[in-house]
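Enquirer: Structure: model.csv, CSV, C-alpha atoms.
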chain,number,residue,atom,x,y,z
X,78,MET,CA,0.0,0.0,0.0
X,79,ARG,CA,1.4,3.4,-1.0
X,80,LEU,CA,0.9,6.4,1.2
X,81,GLU,CA,1.3,9.1,-1.4
X,82,SER,CA,0.9,12.1,0.9
X,83,PHE,CA,3.9,11.0,3.0
X,84,PRO,CA,7.6,11.3,2.1
X,85,ALA,CA,9.7,8.2,1.3
X,86,GLY,CA,11.5,6.7,4.2
X,87,LEU,CA,8.5,6.8,6.4
X,88,ARG,CA,8.9,5.8,10.1
X,89,ALA,CA,5.7,4.6,11.7
X,90,VAL,CA,4.7,3.5,15.2
X,91,VAL,CA,1.8,1.1,15.6
X,92,VAL,CA,0.6,0.8,19.2
X,93,GLY,CA,-1.4,-2.3,20.0
X,94,ALA,CA,0.3,-4.2,17.2
X,95,GLY,CA,-0.8,-7.5,18.7
X,96,GLY,CA,-4.5,-6.8,18.1
X,97,GLY,CA,-6.5,-7.5,14.9
X,98,ILE,CA,-6.4,-4.0,13.4
X,99,GLY,CA,-3.0,-3.1,14.8
X,100,ASN,CA,-1.3,-6.3,13.4
X,101,ALA,CA,-3.0,-5.7,10.0
X,102,VAL,CA,-1.7,-2.1,10.0
X,103,VAL,CA,1.8,-3.3,10.7
X,104,GLU,CA,1.6,-5.8,7.9
X,105,LEU,CA,0.4,-3.2,5.3
X,106,LEU,CA,3.1,-0.7,6.4
X,107,ALA,CA,5.8,-3.4,6.2
X,108,GLU,CA,4.8,-4.2,2.7
X,109,SER,CA,4.9,-0.6,1.5
X,110,PRO,CA,8.0,0.5,-0.4
X,111,GLN,CA,7.7,3.9,1.2
X,112,VAL,CA,8.2,2.6,4.7
X,113,ALA,CA,11.7,2.5,6.2
X,114,GLN,CA,10.8,1.3,9.7
X,115,VAL,CA,7.7,0.1,11.7
X,116,TYR,CA,7.9,0.1,15.5
X,117,ALA,CA,5.4,-2.5,16.7
X,118,LEU,CA,4.4,-1.7,20.3
X,119,THR,CA,2.6,-4.5,22.1
X,120,ARG,CA,2.5,-6.4,25.4
X,121,THR,CA,3.9,-9.4,23.7
X,122,ARG,CA,6.0,-9.9,20.6
X,123,PRO,CA,3.8,-9.5,17.4
X,124,ALA,CA,3.5,-12.5,15.0
X,125,LEU,CA,4.9,-10.7,12.0
X,126,ALA,CA,8.6,-11.2,11.4
X,127,SER,CA,10.1,-8.6,9.0
X,128,PRO,CA,13.4,-6.8,8.7
X,129,ARG,CA,11.5,-3.5,8.7
X,130,VAL,CA,9.4,-4.3,11.8
X,131,LEU,CA,11.0,-3.7,15.2
X,132,PRO,CA,8.9,-5.2,18.1
X,133,ILE,CA,8.9,-3.2,21.3
X,134,THR,CA,7.2,-4.5,24.4
X,135,PHE,CA,5.4,-1.9,26.5
X,136,ASP,CA,2.6,-1.6,29.0
X,137,LEU,CA,-0.2,0.9,28.2
X,138,ARG,CA,-1.0,1.3,31.9
X,139,ASP,CA,2.6,2.3,32.9
X,140,GLU,CA,3.7,5.8,31.8
X,141,THR,CA,7.4,4.9,32.5
X,142,SER,CA,7.0,2.0,30.0
X,143,ILE,CA,5.4,4.4,27.4
X,144,ALA,CA,8.2,6.9,27.8
X,145,ALA,CA,10.8,4.2,27.3
X,146,ALA,CA,9.1,3.0,24.2
X,147,ALA,CA,8.9,6.5,22.8
X,148,ALA,CA,12.6,7.1,23.5
X,149,ARG,CA,13.5,3.9,21.5
X,150,CYS,CA,11.3,5.0,18.6
X,151,ARG,CA,12.7,8.5,18.4
X,152,ALA,CA,16.3,7.2,18.5
X,153,ASP,CA,16.3,6.6,14.8
X,154,GLY,CA,14.9,10.0,13.9
X,155,PRO,CA,11.6,11.9,13.7
X,156,LEU,CA,8.3,9.9,13.2
X,157,HIS,CA,5.8,10.3,10.4
X,158,LEU,CA,2.9,8.2,11.7
X,159,VAL,CA,1.8,7.1,15.2
X,160,PHE,CA,-1.2,4.8,14.9
X,161,VAL,CA,-2.8,3.9,18.3
X,162,ALA,CA,-4.9,0.7,17.8
X,163,THR,CA,-5.6,0.0,21.5
X,164,GLY,CA,-9.1,-0.2,23.0
X,165,VAL,CA,-11.4,-2.3,25.2
X,166,LEU,CA,-15.2,-2.7,25.1
X,167,HIS,CA,-15.6,-5.9,27.2
X,168,SER,CA,-13.4,-8.0,29.4
X,169,GLY,CA,-14.9,-10.9,31.3
X,170,ALA,CA,-17.7,-10.4,33.7
X,171,GLY,CA,-16.1,-7.2,35.2
X,172,LEU,CA,-16.5,-5.1,32.1
X,173,GLN,CA,-19.5,-5.4,29.8
X,174,PRO,CA,-21.4,-2.7,27.8
X,175,GLU,CA,-24.1,-1.4,30.2
X,176,LYS,CA,-27.7,-1.6,29.1
X,177,SER,CA,-28.9,0.6,32.0
X,178,TRP,CA,-27.5,3.1,34.5
X,179,ARG,CA,-28.2,0.4,37.1
X,180,ALA,CA,-25.3,-1.6,35.7
X,181,LEU,CA,-22.7,1.1,36.3
X,182,ASN,CA,-19.9,0.5,38.7
X,183,SER,CA,-16.7,2.4,39.4
X,184,ALA,CA,-14.3,-0.4,38.5
X,185,ALA,CA,-15.7,-0.9,35.0
X,186,LEU,CA,-15.8,2.9,34.4
X,187,ALA,CA,-12.1,3.2,35.5
X,188,GLU,CA,-11.0,0.3,33.3
X,189,SER,CA,-12.7,1.7,30.2
X,190,PHE,CA,-11.1,5.2,30.8
X,191,VAL,CA,-7.7,3.8,31.5
X,192,VAL,CA,-7.5,1.8,28.2
X,193,ASN,CA,-9.7,4.0,25.9
X,194,ALA,CA,-8.7,7.5,27.0
X,195,ILE,CA,-5.9,7.7,29.5
X,196,GLY,CA,-3.6,5.3,27.7
X,197,PRO,CA,-3.9,7.2,24.4
X,198,ALA,CA,-3.5,10.5,26.2
X,199,LEU,CA,-0.2,9.4,27.7
X,200,LEU,CA,0.9,8.1,24.3
X,201,ALA,CA,0.2,11.5,22.8
X,202,LYS,CA,2.2,13.2,25.6
X,203,HIS,CA,5.3,11.2,24.8
X,204,PHE,CA,5.0,10.8,21.0
X,205,LEU,CA,3.6,14.1,19.7
X,206,GLU,CA,7.0,15.9,20.2
X,207,ASP,CA,8.6,13.2,18.1
X,208,LEU,CA,6.6,13.9,14.9
X,209,THR,CA,8.6,15.2,12.0
X,210,LYS,CA,8.3,18.9,11.3
X,211,GLY,CA,7.9,20.6,7.9
X,212,GLU,CA,6.2,17.6,6.2
X,213,LYS,CA,3.1,15.5,6.9
X,214,ALA,CA,3.0,13.7,10.2
X,215,VAL,CA,0.0,12.0,11.9
X,216,PHE,CA,-1.0,10.9,15.3
X,217,ALA,CA,-4.1,8.8,14.9
X,218,ALA,CA,-6.1,6.9,17.7
X,219,LEU,CA,-8.8,4.4,17.1
X,220,SER,CA,-12.2,5.5,18.4
X,221,ALA,CA,-15.8,4.6,17.8
X,222,ARG,CA,-18.9,6.2,16.4
X,223,VAL,CA,-20.7,5.5,19.8
X,224,GLY,CA,-18.3,8.1,21.3
X,225,SER,CA,-20.1,10.8,19.5
X,226,ILE,CA,-22.4,12.8,21.8
X,227,ALA,CA,-24.3,14.3,18.9
X,228,ASP,CA,-24.9,10.9,17.4
X,229,ASN,CA,-26.1,9.2,20.6
X,230,ARG,CA,-29.7,8.2,20.1
X,231,LEU,CA,-29.8,4.7,21.6
X,232,GLY,CA,-28.2,5.2,25.0
X,233,GLY,CA,-26.5,2.4,26.9
X,234,TRP,CA,-22.9,1.4,26.8
X,235,TYR,CA,-22.2,4.2,29.3
X,236,SER,CA,-18.5,3.5,30.1
X,237,TYR,CA,-17.4,2.9,26.6
X,238,ARG,CA,-19.3,5.9,25.1
X,239,ALA,CA,-18.0,8.2,27.8
X,240,ALA,CA,-14.4,7.0,27.5
X,241,LYS,CA,-14.4,7.4,23.7
X,242,ALA,CA,-16.1,10.9,24.0
X,243,ALA,CA,-13.2,11.8,26.4
X,244,LEU,CA,-10.8,10.5,23.8
X,245,HIS,CA,-12.4,12.9,21.2
X,246,MET,CA,-11.9,15.8,23.5
X,247,LEU,CA,-8.3,14.9,24.2
X,248,MET,CA,-7.6,14.6,20.5
X,249,ARG,CA,-9.2,18.0,19.8
X,250,THR,CA,-7.2,19.6,22.6
X,251,PHE,CA,-3.9,18.0,21.6
X,252,ALA,CA,-4.6,19.2,18.0
X,253,ILE,CA,-4.9,22.8,19.1
X,254,GLU,CA,-1.5,22.8,20.8
X,255,LEU,CA,0.0,20.7,18.0
X,256,ALA,CA,-1.0,23.3,15.4
X,257,ARG,CA,1.1,25.9,17.2
X,258,ARG,CA,4.1,23.6,17.6
X,259,ASN,CA,4.0,21.7,14.3
X,260,PRO,CA,1.6,23.2,11.8
X,261,THR,CA,2.0,20.4,9.2
X,262,ALA,CA,1.1,17.6,11.7
X,263,LEU,CA,-2.4,16.1,12.4
X,264,CYS,CA,-4.0,14.6,15.5
X,265,ILE,CA,-7.1,12.7,14.7
X,266,ALA,CA,-9.5,10.0,15.9
X,267,LEU,CA,-10.6,7.1,13.6
X,268,HIS,CA,-13.7,4.9,13.6
X,269,PRO,CA,-12.9,1.6,11.8
X,270,GLY,CA,-16.5,0.4,11.6
X,271,THR,CA,-17.3,-3.1,12.8
X,272,VAL,CA,-14.3,-5.3,12.4
X,273,ALA,CA,-14.1,-9.1,12.9
X,274,THR,CA,-12.0,-9.0,16.0
X,275,ALA,CA,-12.5,-10.2,19.6
X,276,LEU,CA,-13.9,-6.7,20.5
X,277,SER,CA,-16.9,-7.0,18.2
X,278,GLU,CA,-17.5,-10.7,18.4
X,279,PRO,CA,-20.5,-10.6,20.8
X,280,PHE,CA,-22.2,-7.8,18.9
X,281,ARG,CA,-22.1,-8.8,15.2
X,282,SER,CA,-25.6,-10.2,14.8
X,283,THR,CA,-27.1,-6.7,14.0
X,284,VAL,CA,-24.3,-5.7,11.6
X,285,PRO,CA,-25.7,-5.0,8.1
X,286,GLU,CA,-24.5,-7.3,5.3
X,287,GLY,CA,-21.2,-6.1,3.8
X,288,ARG,CA,-20.4,-3.9,6.9
X,289,LEU,CA,-18.4,-6.5,8.9
X,290,PHE,CA,-14.8,-5.9,7.9
X,291,GLN,CA,-11.9,-8.2,8.1
X,292,PRO,CA,-8.9,-6.6,10.0
X,293,ARG,CA,-6.8,-6.2,6.8
X,294,GLN,CA,-9.7,-4.5,5.0
X,295,ALA,CA,-10.3,-2.2,8.0
X,296,ALA,CA,-6.6,-1.3,8.1
X,297,GLU,CA,-6.6,-0.5,4.4
X,298,HIS,CA,-9.6,1.8,4.9
X,299,LEU,CA,-8.0,3.6,7.8
X,300,LEU,CA,-4.6,4.1,6.1
X,301,HIS,CA,-6.4,5.4,3.0
X,302,VAL,CA,-8.3,8.0,5.1
X,303,ILE,CA,-5.1,9.0,6.8
X,304,ASP,CA,-3.5,9.4,3.4
X,305,THR,CA,-6.2,11.7,2.1
X,306,LEU,CA,-6.2,14.1,5.0
X,307,ASP,CA,-4.1,17.3,5.5
X,308,SER,CA,-3.5,19.5,8.5
X,309,SER,CA,-6.8,21.2,8.1
X,310,ALA,CA,-8.4,17.9,9.3
X,311,SER,CA,-6.5,17.9,12.6
X,312,GLY,CA,-8.6,17.7,15.8
X,313,ASN,CA,-11.5,15.8,14.2
X,314,ALA,CA,-12.8,12.2,14.1
X,315,TYR,CA,-13.3,10.3,10.8
X,316,ALA,CA,-15.0,7.1,9.9
X,317,TRP,CA,-13.5,4.3,7.8
X,318,ASP,CA,-15.1,5.8,4.6
X,319,GLY,CA,-13.6,9.3,5.2
X,320,GLN,CA,-16.8,10.7,6.6
X,321,ARG,CA,-16.2,13.3,9.4
X,322,LEU,CA,-18.0,12.3,12.6
X,323,PRO,CA,-19.7,14.8,14.9
X,324,PHE,CA,-18.4,15.1,18.4
What is this file in structure tokens?

Expert:
Amino acid sequence: MRLESFPAGLRAVVVGAGGGIGNAVVELLAESPQVAQVYALTRTRPALASPRVLPITFDLRDETSIAAAAARCRADGPLHLVFVATGVLHSGAGLQPEKSWRALNSAALAESFVVNAIGPALLAKHFLEDLTKGEKAVFAALSARVGSIADNRLGGWYSYRAAKAALHMLMRTFAIELARRNPTALCIALHPGTVATALSEPFRSTVPEGRLFQPRQAAEHLLHVIDTLDSSASGNAYAWDGQRLPF
């Protein structure tokens, strides 16, 4: 896959490279002739073995670990793309999408915010300074349409919706500061649609035909969207088809 809007010799970071979408993004970038290096951040070593992929073990919940990973990535020079593919919707009995406010509990809320908002915020803290200047650079974090306040007509899913809405606010706020420090860089949120990963598995029965994407297909969509955007798009959220999502 060619990323025409980026310069040759692209250096990219993929956070959450062990997940379905993250691993697919790593594979596509490693296949691209424009890409010089992919830093694949994950809790465990990713499956893909390539001379252009450098696995880096890190812990999203540990800022010291995030800072160390960022330092290793920047050691080879400025970065052109940081793609954050982490996120959690459900995890055992302790974290499930709430159907009612009666299902809310503090532990589930905290877990959702740690993974879906706080982790990406700390990644931005340590990686935004490392984006290349004077040419296109992108910090992109996976989000979800259900994080849109304006688009919320069904209710439910309190902790996930709130954490993704918080992520949108963080991305917008980072983008404002980034525009002053690095005017050619972008900070955006991305909605991949419904992807055939463990995150979506319990909720696929209502997905319209043709709208359940395989991870590689979703990764292609998202990288294409990134490739079409310029700095005027910074601070917004975009769906897999390039549609701008309301906050």

Enquirer: Which is closer to Ala239 (chain X) than all the others in X:Glu297, X:Glu108, X:Asp318, X:Glu175, using all atoms listed in the file?

Expert: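 For Ala239 (chain X), the nearest of the given residues is X:Glu175.
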
Enquirer: Counting only C-alpha atoms, which of X:Val112, X:Ala180, X:Leu205, X:Leu137 gets nearest to Met78 (chain X)?

Expert: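 That would be X:Val112, the residue with the smallest distance to Met78 (chain X).
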
Enquirer: One number please: CA of Leu87 (chain X) to CA of Gln114 (chain X), in Å, one decimal.

Expert: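 Answer for the CA of Leu87 (chain X) to CA of Gln114 (chain X) separation: 6.8 Å.
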
Enquirer: Quick one: residues within 10 Å of Gly319 (chain X), only C-alpha atoms, excluding same-chain residues fewer than 6 positions away - as a ChimeraX atom specification?

Expert: /X:267-268,298-299,301-303,305-306

Enquirer: Would you write out those residues with C-alpha atoms, as a PDB file, in the frame of the given file?

Expert:
ATOM      1  CA  LEU X 267     -10.600   7.100  13.600  1.00  0.00           C
ATOM      2  CA  HIS X 268     -13.700   4.900  13.600  1.00  0.00           C
ATOM      3  CA  HIS X 298      -9.600   1.800   4.900  1.00  0.00           C
ATOM      4  CA  LEU X 299      -8.000   3.600   7.800  1.00  0.00           C
ATOM      5  CA  HIS X 301      -6.400   5.400   3.000  1.00  0.00           C
ATOM      6  CA  VAL X 302      -8.300   8.000   5.100  1.00  0.00           C
ATOM      7  CA  ILE X 303      -5.100   9.000   6.800  1.00  0.00           C
ATOM      8  CA  THR X 305      -6.200  11.700   2.100  1.00  0.00           C
ATOM      9  CA  LEU X 306      -6.200  14.100   5.000  1.00  0.00           C
TER      10      LEU X 306
END

Enquirer: What is the distance, in Å and to one decimal place, between CA of Ala194 (chain X) and CA of Ala218 (chain X)?

Expert: 9.7 Å

Enquirer: For Val103 (chain X), find every residue with an atom within 8 Å (counting all atoms listed in the file), except residues of its own chain fewer than 3 positions away, and show them as a list in words.

Expert: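 Result of the neighbour search: Val91, Ala94, Gly99, Asn100, Leu106, Ala107, Val115, Ala117 and Val130 of chain X.
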
Enquirer: Which residue out of X:Glu104, X:Asp207, X:Asp307, X:Glu188 has the minimum interatomic distance to Arg129 (chain X) when only C-alpha atoms are used?

Expert: X:Glu104

Enquirer: Which residue, X:Leu255, X:Gly95, X:Ala113, X:Thr119, has the smallest gap to Pro292 (chain X) when you use all atoms listed in the file?

Expert: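 Going through X:Leu255, X:Gly95, X:Ala113, X:Thr119 one by one, the smallest distance to Pro292 (chain X) is for X:Gly95.
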
Enquirer: So, with all atoms listed in the file as the atoms that count, which of X:Ser236, X:Thr209, X:Ser177, X:Ser220 lies closest to Ser189 (chain X)?

Expert: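 Of X:Ser236, X:Thr209, X:Ser177, X:Ser220, the one nearest Ser189 (chain X) is X:Ser236, counting all atoms listed in the file.
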
Enquirer: Closest to Ala240 (chain X) among X:Ala295, X:Ala162, X:Ile195, X:Leu289, using all atoms listed in the file?

Expert: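 Smallest separation from Ala240 (chain X) among the options: X:Ile195.
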
Enquirer: Which polymer residues, protein or nucleic acid, are no farther than 9 Å from (3.0, 0.4, 26.6), counting only C-alpha atoms, as a ChimeraX atom specification?

Expert: /X:92-93,118-120,133-146,196,200

Enquirer: So how far away is CA of Gly164 (chain X) from CA of Lys176 (chain X), in Å?

Expert: 19.6 Å

Enquirer: Applying 12 Å and all atoms listed in the file, which residues near Ala262 (chain X) remain after dropping the ones on its own chain fewer than 2 positions away? List them as number ranges by chain.

Expert: X: 83, 156-159, 205-217, 251-260, 264-265, 303, 306-312

Enquirer: Go ahead and find all residues with at least one atom no further than 9 Å from (-11.0, 11.6, 26.1) in the file's coordinates, using all atoms listed in the file; report them as a PDB file with C-alpha atoms, in the coordinates of the input.

Expert:
ATOM      1  CA  PHE X 190     -11.100   5.200  30.800  1.00  0.00           C
ATOM      2  CA  ASN X 193      -9.700   4.000  25.900  1.00  0.00           C
ATOM      3  CA  ALA X 194      -8.700   7.500  27.000  1.00  0.00           C
ATOM      4  CA  ILE X 195      -5.900   7.700  29.500  1.00  0.00           C
ATOM      5  CA  PRO X 197      -3.900   7.200  24.400  1.00  0.00           C
ATOM      6  CA  ALA X 198      -3.500  10.500  26.200  1.00  0.00           C
ATOM      7  CA  ALA X 239     -18.000   8.200  27.800  1.00  0.00           C
ATOM      8  CA  ALA X 240     -14.400   7.000  27.500  1.00  0.00           C
ATOM      9  CA  LYS X 241     -14.400   7.400  23.700  1.00  0.00           C
ATOM     10  CA  ALA X 242     -16.100  10.900  24.000  1.00  0.00           C
ATOM     11  CA  ALA X 243     -13.200  11.800  26.400  1.00  0.00           C
ATOM     12  CA  LEU X 244     -10.800  10.500  23.800  1.00  0.00           C
ATOM     13  CA  HIS X 245     -12.400  12.900  21.200  1.00  0.00           C
ATOM     14  CA  MET X 246     -11.900  15.800  23.500  1.00  0.00           C
ATOM     15  CA  LEU X 247      -8.300  14.900  24.200  1.00  0.00           C
ATOM     16  CA  MET X 248      -7.600  14.600  20.500  1.00  0.00           C
TER      17      MET X 248
END

Enquirer: Skip Leu172 (chain X) itself and residues of its chain fewer than 3 positions away, then list as an MDAnalysis selection string all residues within 6 Å of it, counting all atoms listed in the file.

Expert: chainID X and resid 167:168 185
